[in-house]
file upload_6.csv (CSV, N, CA and C atoms)
chain,number,residue,atom,x,y,z
T,1,MET,N,31.6,5.8,19.8
T,1,MET,CA,31.8,6.5,18.6
T,1,MET,C,30.4,6.8,18.1
T,2,SER,N,30.2,8.0,17.5
T,2,SER,CA,28.9,8.3,16.9
T,2,SER,C,29.1,9.0,15.5
T,3,THR,N,28.1,8.9,14.7
T,3,THR,CA,28.1,9.6,13.4
T,3,THR,C,27.3,10.8,13.5
T,4,GLN,N,27.2,11.6,12.4
T,4,GLN,CA,26.5,12.8,12.4
T,4,GLN,C,25.0,12.7,12.8
T,5,GLY,N,24.4,11.6,12.4
T,5,GLY,CA,23.0,11.3,12.6
T,5,GLY,C,22.8,10.8,14.1
T,6,GLY,N,23.8,10.7,14.9
T,6,GLY,CA,23.6,10.3,16.3
T,6,GLY,C,23.7,8.8,16.5
T,7,LEU,N,24.1,8.1,15.5
T,7,LEU,CA,24.2,6.6,15.7
T,7,LEU,C,25.3,6.3,16.6
T,8,MET,N,25.0,5.6,17.7
T,8,MET,CA,26.0,5.2,18.7
T,8,MET,C,26.6,3.8,18.4
T,9,LEU,N,27.9,3.7,18.3
T,9,LEU,CA,28.5,2.4,18.1
T,9,LEU,C,29.2,2.0,19.3
T,10,PRO,N,29.1,0.7,19.7
T,10,PRO,CA,29.8,0.3,21.0
T,10,PRO,C,31.3,0.3,20.8
T,11,THR,N,32.0,0.6,21.9
T,11,THR,CA,33.5,0.5,21.9
T,11,THR,C,33.9,-0.7,22.7
T,12,ASP,N,33.0,-1.4,23.4
T,12,ASP,CA,33.3,-2.6,24.1
T,12,ASP,C,33.2,-3.8,23.2
T,13,PRO,N,34.3,-4.6,23.0
T,13,PRO,CA,34.3,-5.7,22.1
T,13,PRO,C,33.2,-6.8,22.4
T,14,ASP,N,32.8,-6.8,23.7
T,14,ASP,CA,31.7,-7.7,24.1
T,14,ASP,C,30.3,-7.1,23.9
T,15,GLY,N,30.2,-5.9,23.5
T,15,GLY,CA,29.0,-5.2,23.3
T,15,GLY,C,28.3,-5.6,22.0
T,16,TRP,N,27.0,-5.5,22.0
T,16,TRP,CA,26.1,-5.8,20.8
T,16,TRP,C,26.4,-4.7,19.8
T,17,PHE,N,26.6,-5.2,18.5
T,17,PHE,CA,26.9,-4.3,17.4
T,17,PHE,C,25.7,-4.2,16.5
T,18,PRO,N,25.1,-3.1,16.3
T,18,PRO,CA,23.8,-3.0,15.6
T,18,PRO,C,24.1,-3.1,14.1
T,19,PRO,N,23.1,-3.5,13.3
T,19,PRO,CA,23.2,-3.5,11.9
T,19,PRO,C,23.2,-2.1,11.4
T,20,LEU,N,23.9,-1.8,10.3
T,20,LEU,CA,24.0,-0.4,9.8
T,20,LEU,C,23.4,-0.4,8.4
T,21,PHE,N,22.8,0.6,8.0
T,21,PHE,CA,22.1,0.7,6.7
T,21,PHE,C,22.7,2.0,6.0
T,22,ALA,N,22.8,1.9,4.7
T,22,ALA,CA,23.2,3.0,3.9
T,22,ALA,C,22.5,3.1,2.6
T,23,PRO,N,22.1,4.4,2.2
T,23,PRO,CA,21.4,4.6,0.9
T,23,PRO,C,22.5,4.4,-0.2
T,24,VAL,N,22.1,3.9,-1.3
T,24,VAL,CA,23.0,3.8,-2.4
T,24,VAL,C,22.5,4.8,-3.5
T,25,VAL,N,23.4,5.7,-3.8
T,25,VAL,CA,23.0,6.7,-4.8
T,25,VAL,C,24.0,6.7,-6.0
T,26,GLU,N,23.5,7.1,-7.1
T,26,GLU,CA,24.3,7.1,-8.3
T,26,GLU,C,24.5,8.6,-8.7
T,27,VAL,N,25.8,8.9,-9.0
T,27,VAL,CA,26.2,10.3,-9.4
T,27,VAL,C,27.1,10.1,-10.5
T,28,GLY,N,26.8,10.6,-11.7
T,28,GLY,CA,27.7,10.6,-12.8
T,28,GLY,C,28.1,9.2,-13.3
T,29,GLY,N,27.2,8.2,-13.1
T,29,GLY,CA,27.4,6.9,-13.6
T,29,GLY,C,28.1,6.0,-12.5
T,30,SER,N,28.5,6.5,-11.4
T,30,SER,CA,29.1,5.7,-10.3
T,30,SER,C,28.2,5.7,-9.1
T,31,ARG,N,28.2,4.6,-8.4
T,31,ARG,CA,27.4,4.4,-7.3
T,31,ARG,C,28.2,4.5,-6.0
T,32,TYR,N,27.5,5.1,-5.0
T,32,TYR,CA,28.2,5.4,-3.7
T,32,TYR,C,27.2,5.1,-2.6
T,33,THR,N,27.7,4.8,-1.4
T,33,THR,CA,26.9,4.8,-0.2
T,33,THR,C,27.0,6.2,0.4
T,34,ALA,N,25.9,6.6,1.0
T,34,ALA,CA,25.8,8.0,1.5
T,34,ALA,C,25.4,8.0,3.0
T,35,GLY,N,26.3,7.8,3.8
T,35,GLY,CA,26.1,7.8,5.3
T,35,GLY,C,25.7,6.5,5.9
T,36,LEU,N,25.7,6.5,7.2
T,36,LEU,CA,25.3,5.3,8.0
T,36,LEU,C,24.1,5.7,8.8
T,37,HIS,N,23.1,4.7,8.8
T,37,HIS,CA,21.9,4.9,9.5
T,37,HIS,C,21.5,3.7,10.3
T,38,ALA,N,20.8,3.9,11.4
T,38,ALA,CA,20.4,2.8,12.3
T,38,ALA,C,19.2,2.0,11.8
T,39,SER,N,18.5,2.5,10.8
T,39,SER,CA,17.4,1.8,10.3
T,39,SER,C,17.3,1.9,8.8
T,40,GLU,N,16.6,1.0,8.1
T,40,GLU,CA,16.4,1.0,6.7
T,40,GLU,C,15.6,2.3,6.3
T,41,ALA,N,14.6,2.6,7.1
T,41,ALA,CA,13.7,3.7,6.8
T,41,ALA,C,14.5,5.0,6.9
T,42,GLN,N,15.4,5.2,7.8
T,42,GLN,CA,16.3,6.4,7.9
T,42,GLN,C,17.2,6.5,6.7
T,43,ALA,N,17.8,5.4,6.3
T,43,ALA,CA,18.6,5.4,5.1
T,43,ALA,C,17.9,5.7,3.9
T,44,GLN,N,16.7,5.2,3.7
T,44,GLN,CA,15.8,5.5,2.6
T,44,GLN,C,15.5,7.0,2.5
T,45,ALA,N,15.1,7.5,3.6
T,45,ALA,CA,14.8,9.0,3.7
T,45,ALA,C,16.0,9.8,3.3
T,46,ALA,N,17.2,9.5,3.8
T,46,ALA,CA,18.4,10.2,3.5
T,46,ALA,C,18.7,10.2,2.0
T,47,GLY,N,18.6,9.0,1.4
T,47,GLY,CA,18.8,8.9,0.0
T,47,GLY,C,17.8,9.6,-0.8
T,48,ASP,N,16.6,9.6,-0.4
T,48,ASP,CA,15.5,10.3,-1.2
T,48,ASP,C,15.8,11.8,-1.1
T,49,THR,N,16.2,12.3,0.1
T,49,THR,CA,16.5,13.7,0.2
T,49,THR,C,17.6,14.1,-0.7
T,50,LEU,N,18.7,13.3,-0.7
T,50,LEU,CA,19.8,13.6,-1.6
T,50,LEU,C,19.3,13.7,-3.1
T,51,ALA,N,18.5,12.7,-3.5
T,51,ALA,CA,18.0,12.7,-4.9
T,51,ALA,C,17.1,13.9,-5.2
T,52,ASP,N,16.4,14.4,-4.2
T,52,ASP,CA,15.6,15.6,-4.4
T,52,ASP,C,16.4,16.8,-4.5
T,53,LEU,N,17.6,16.8,-3.9
T,53,LEU,CA,18.4,18.1,-3.9
T,53,LEU,C,19.0,18.4,-5.3
T,54,HIS,N,19.3,17.4,-6.1
T,54,HIS,CA,20.0,17.6,-7.3
T,54,HIS,C,19.6,16.6,-8.4
T,55,PRO,N,19.3,17.0,-9.6
T,55,PRO,CA,18.8,16.1,-10.6
T,55,PRO,C,19.8,15.0,-11.1
T,56,SER,N,21.1,15.2,-10.8
T,56,SER,CA,22.1,14.3,-11.2
T,56,SER,C,22.3,13.1,-10.2
T,57,VAL,N,21.6,13.2,-9.0
T,57,VAL,CA,21.7,12.2,-8.0
T,57,VAL,C,20.5,11.2,-8.2
T,58,VAL,N,20.7,9.9,-8.3
T,58,VAL,CA,19.6,9.0,-8.4
T,58,VAL,C,19.7,8.0,-7.3
T,59,MET,N,18.6,7.8,-6.6
T,59,MET,CA,18.5,6.9,-5.5
T,59,MET,C,18.3,5.5,-6.0
T,60,HIS,N,19.2,4.5,-5.5
T,60,HIS,CA,19.1,3.1,-6.0
T,60,HIS,C,18.6,2.1,-5.0
T,61,GLY,N,18.4,2.5,-3.8
T,61,GLY,CA,18.0,1.6,-2.7
T,61,GLY,C,18.9,1.7,-1.5
T,62,VAL,N,18.7,0.7,-0.6
T,62,VAL,CA,19.4,0.7,0.7
T,62,VAL,C,20.1,-0.6,0.8
T,63,ILE,N,21.3,-0.6,1.4
T,63,ILE,CA,22.0,-1.9,1.7
T,63,ILE,C,22.2,-1.9,3.2
T,64,GLU,N,22.3,-3.2,3.7
T,64,GLU,CA,22.6,-3.4,5.1
T,64,GLU,C,24.1,-3.7,5.1
T,65,LEU,N,24.9,-2.8,5.8
T,65,LEU,CA,26.3,-3.0,5.8
T,65,LEU,C,26.8,-4.0,6.7
T,66,LEU,N,26.1,-4.3,7.8
T,66,LEU,CA,26.5,-5.3,8.7
T,66,LEU,C,25.4,-6.2,9.1
T,67,PRO,N,25.1,-7.2,8.3
T,67,PRO,CA,23.9,-8.0,8.5
T,67,PRO,C,24.1,-8.8,9.9
T,68,ALA,N,23.0,-9.1,10.4
T,68,ALA,CA,23.0,-9.8,11.7
T,68,ALA,C,23.8,-11.1,11.7
T,69,GLY,N,23.7,-11.8,10.5
T,69,GLY,CA,24.5,-13.1,10.4
T,69,GLY,C,26.0,-12.8,10.5
T,70,VAL,N,26.5,-11.7,10.0
T,70,VAL,CA,27.9,-11.3,10.1
T,70,VAL,C,28.3,-11.1,11.5
T,71,VAL,N,27.4,-10.4,12.2
T,71,VAL,CA,27.6,-10.1,13.6
T,71,VAL,C,27.8,-11.4,14.4
T,72,THR,N,26.9,-12.4,14.2
T,72,THR,CA,27.0,-13.6,14.8
T,72,THR,C,28.3,-14.3,14.5
T,73,GLU,N,28.7,-14.3,13.3
T,73,GLU,CA,30.0,-15.0,12.9
T,73,GLU,C,31.2,-14.3,13.5
T,74,LEU,N,31.2,-12.9,13.6
T,74,LEU,CA,32.3,-12.2,14.2
T,74,LEU,C,32.3,-12.5,15.7
T,75,ALA,N,31.2,-12.6,16.3
T,75,ALA,CA,31.2,-12.9,17.8
T,75,ALA,C,31.7,-14.3,18.0
T,76,SER,N,31.4,-15.2,17.2
T,76,SER,CA,31.9,-16.6,17.4
T,76,SER,C,33.4,-16.6,17.1
T,77,ALA,N,33.8,-15.9,16.1
T,77,ALA,CA,35.3,-15.9,15.9
T,77,ALA,C,36.0,-15.2,17.0
T,78,TYR,N,35.5,-14.2,17.6
T,78,TYR,CA,36.1,-13.5,18.7
T,78,TYR,C,36.2,-14.4,19.9
T,79,ASP,N,35.1,-15.1,20.2
T,79,ASP,CA,35.1,-16.1,21.3
T,79,ASP,C,36.1,-17.2,21.1
T,80,ALA,N,36.3,-17.7,19.9
T,80,ALA,CA,37.3,-18.7,19.6
T,80,ALA,C,38.7,-18.2,19.8
T,81,MET,N,38.9,-16.9,19.4
T,81,MET,CA,40.2,-16.3,19.6
T,81,MET,C,40.5,-16.2,21.1
T,82,GLU,N,39.5,-15.8,21.9
T,82,GLU,CA,39.7,-15.6,23.3
T,82,GLU,C,40.0,-17.0,24.0
T,83,GLN,N,39.4,-18.0,23.5
T,83,GLN,CA,39.7,-19.4,24.1
T,83,GLN,C,41.1,-19.8,23.7
T,84,LEU,N,41.5,-19.5,22.5
T,84,LEU,CA,42.9,-19.8,22.1
T,84,LEU,C,43.9,-19.0,22.9
T,85,ASP,N,43.6,-17.8,23.2
T,85,ASP,CA,44.5,-16.9,24.0
T,85,ASP,C,44.6,-17.5,25.5
T,86,GLY,N,43.4,-18.0,26.0
T,86,GLY,CA,43.4,-18.5,27.3
T,86,GLY,C,44.1,-19.9,27.4
T,87,ALA,N,44.2,-20.6,26.3
T,87,ALA,CA,44.9,-21.9,26.3
T,87,ALA,C,46.4,-21.8,26.2
T,88,ALA,N,46.9,-20.7,25.8
T,88,ALA,CA,48.3,-20.5,25.5
T,88,ALA,C,49.1,-20.2,26.8

call {"tool": "encode", "arguments": {"input": "upload_6.csv", "output": "structure tokens"}}
result
Amino acid sequence: MSTQGGLMLPTDPDGWFPPLFAPVVEVGGSRYTAGLHASEAQAQAAGDTLADLHPSVVMHGVIELLPAGVVTELASAYDAMEQLDGAA
């Protein structure tokens, strides 16, 4: 699966899953994430571009949507589930 920016996400459950970054913008008093990016720099640039396009859009920073620690925990949980399935 890929996004508009060309980010490739693995479809294999055993594959490495990259961290994802998103710019956080504010519009009309509400905050939103604006797209998925493979790096913090790409997300920052995308948010800055949006803020430059319209005065009502304010860039508030970048968040990491899937931190490496979460990936590790998910992989461990998946391995544990696989072991349980094999024991049954």

call {"tool": "atom_distance", "arguments": {"input": "upload_6.csv", "atom1": "CA of Leu50 in chain T", "atom2": "atom N of Phe21 in chain T"}}
result
16.4 Å

call {"tool": "closest_residue", "arguments": {"input": "upload_6.csv", "among": "T:Ala34, T:Met81, T:Val70, T:Leu20", "to": "Ala51 in chain T", "atoms": "only C-alpha atoms"}}
result
T:Ala34

call {"tool": "closest_residue", "arguments": {"input": "upload_6.csv", "among": "T:Glu64, T:Val25, T:Ser76, T:Val71", "to": "Asp52 in chain T", "atoms": "only C-alpha atoms"}}
result
T:Val25

call {"tool": "residues_around", "arguments": {"input": "upload_6.csv", "residues": "Gly61 in chain T", "least_positions_apart": "6", "cutoff": "8 Å", "atoms": "only N, CA and C atoms", "output": "list in words"}}
result
Ala22, Pro23, Val24, Val25, Glu26, Ala43, Gln44 and Gly47 of chain T

call {"tool": "write_last_selection", "arguments": {"input": "upload_6.csv", "atoms": "N, CA and C atoms", "output": "JSON list (two decimals), in the frame of the given file"}}
result
[["chain", "number", "residue", "atom", "x", "y", "z"],
["T", 22, "ALA", "N", 22.80, 1.90, 4.70],
["T", 22, "ALA", "CA", 23.20, 3.00, 3.90],
["T", 22, "ALA", "C", 22.50, 3.10, 2.60],
["T", 23, "PRO", "N", 22.10, 4.40, 2.20],
["T", 23, "PRO", "CA", 21.40, 4.60, 0.90],
["T", 23, "PRO", "C", 22.50, 4.40, -0.20],
["T", 24, "VAL", "N", 22.10, 3.90, -1.30],
["T", 24, "VAL", "CA", 23.00, 3.80, -2.40],
["T", 24, "VAL", "C", 22.50, 4.80, -3.50],
["T", 25, "VAL", "N", 23.40, 5.70, -3.80],
["T", 25, "VAL", "CA", 23.00, 6.70, -4.80],
["T", 25, "VAL", "C", 24.00, 6.70, -6.00],
["T", 26, "GLU", "N", 23.50, 7.10, -7.10],
["T", 26, "GLU", "CA", 24.30, 7.10, -8.30],
["T", 26, "GLU", "C", 24.50, 8.60, -8.70],
["T", 43, "ALA", "N", 17.80, 5.40, 6.30],
["T", 43, "ALA", "CA", 18.60, 5.40, 5.10],
["T", 43, "ALA", "C", 17.90, 5.70, 3.90],
["T", 44, "GLN", "N", 16.70, 5.20, 3.70],
["T", 44, "GLN", "CA", 15.80, 5.50, 2.60],
["T", 44, "GLN", "C", 15.50, 7.00, 2.50],
["T", 47, "GLY", "N", 18.60, 9.00, 1.40],
["T", 47, "GLY", "CA", 18.80, 8.90, 0.00],
["T", 47, "GLY", "C", 17.80, 9.60, -0.80]]

call {"tool": "atom_distance", "arguments": {"input": "upload_6.csv", "atom1": "atom N of Gly69 in chain T", "atom2": "atom C of Glu40 in chain T"}}
result
16.8 Å

call {"tool": "select_by_dssp", "arguments": {"input": "upload_6.csv", "residues": "range 17-86 of chain T", "states": "strand (DSSP E)", "output": "list of chain:residue names"}}
result
T:Phe21, T:Ala22, T:Pro23, T:Val24, T:Val25, T:Glu26, T:Val27, T:Ser30, T:Arg31, T:Tyr32, T:Thr33, T:Val57, T:Val58, T:Met59, T:His60, T:Gly61, T:Val62, T:Ile63, T:Glu64
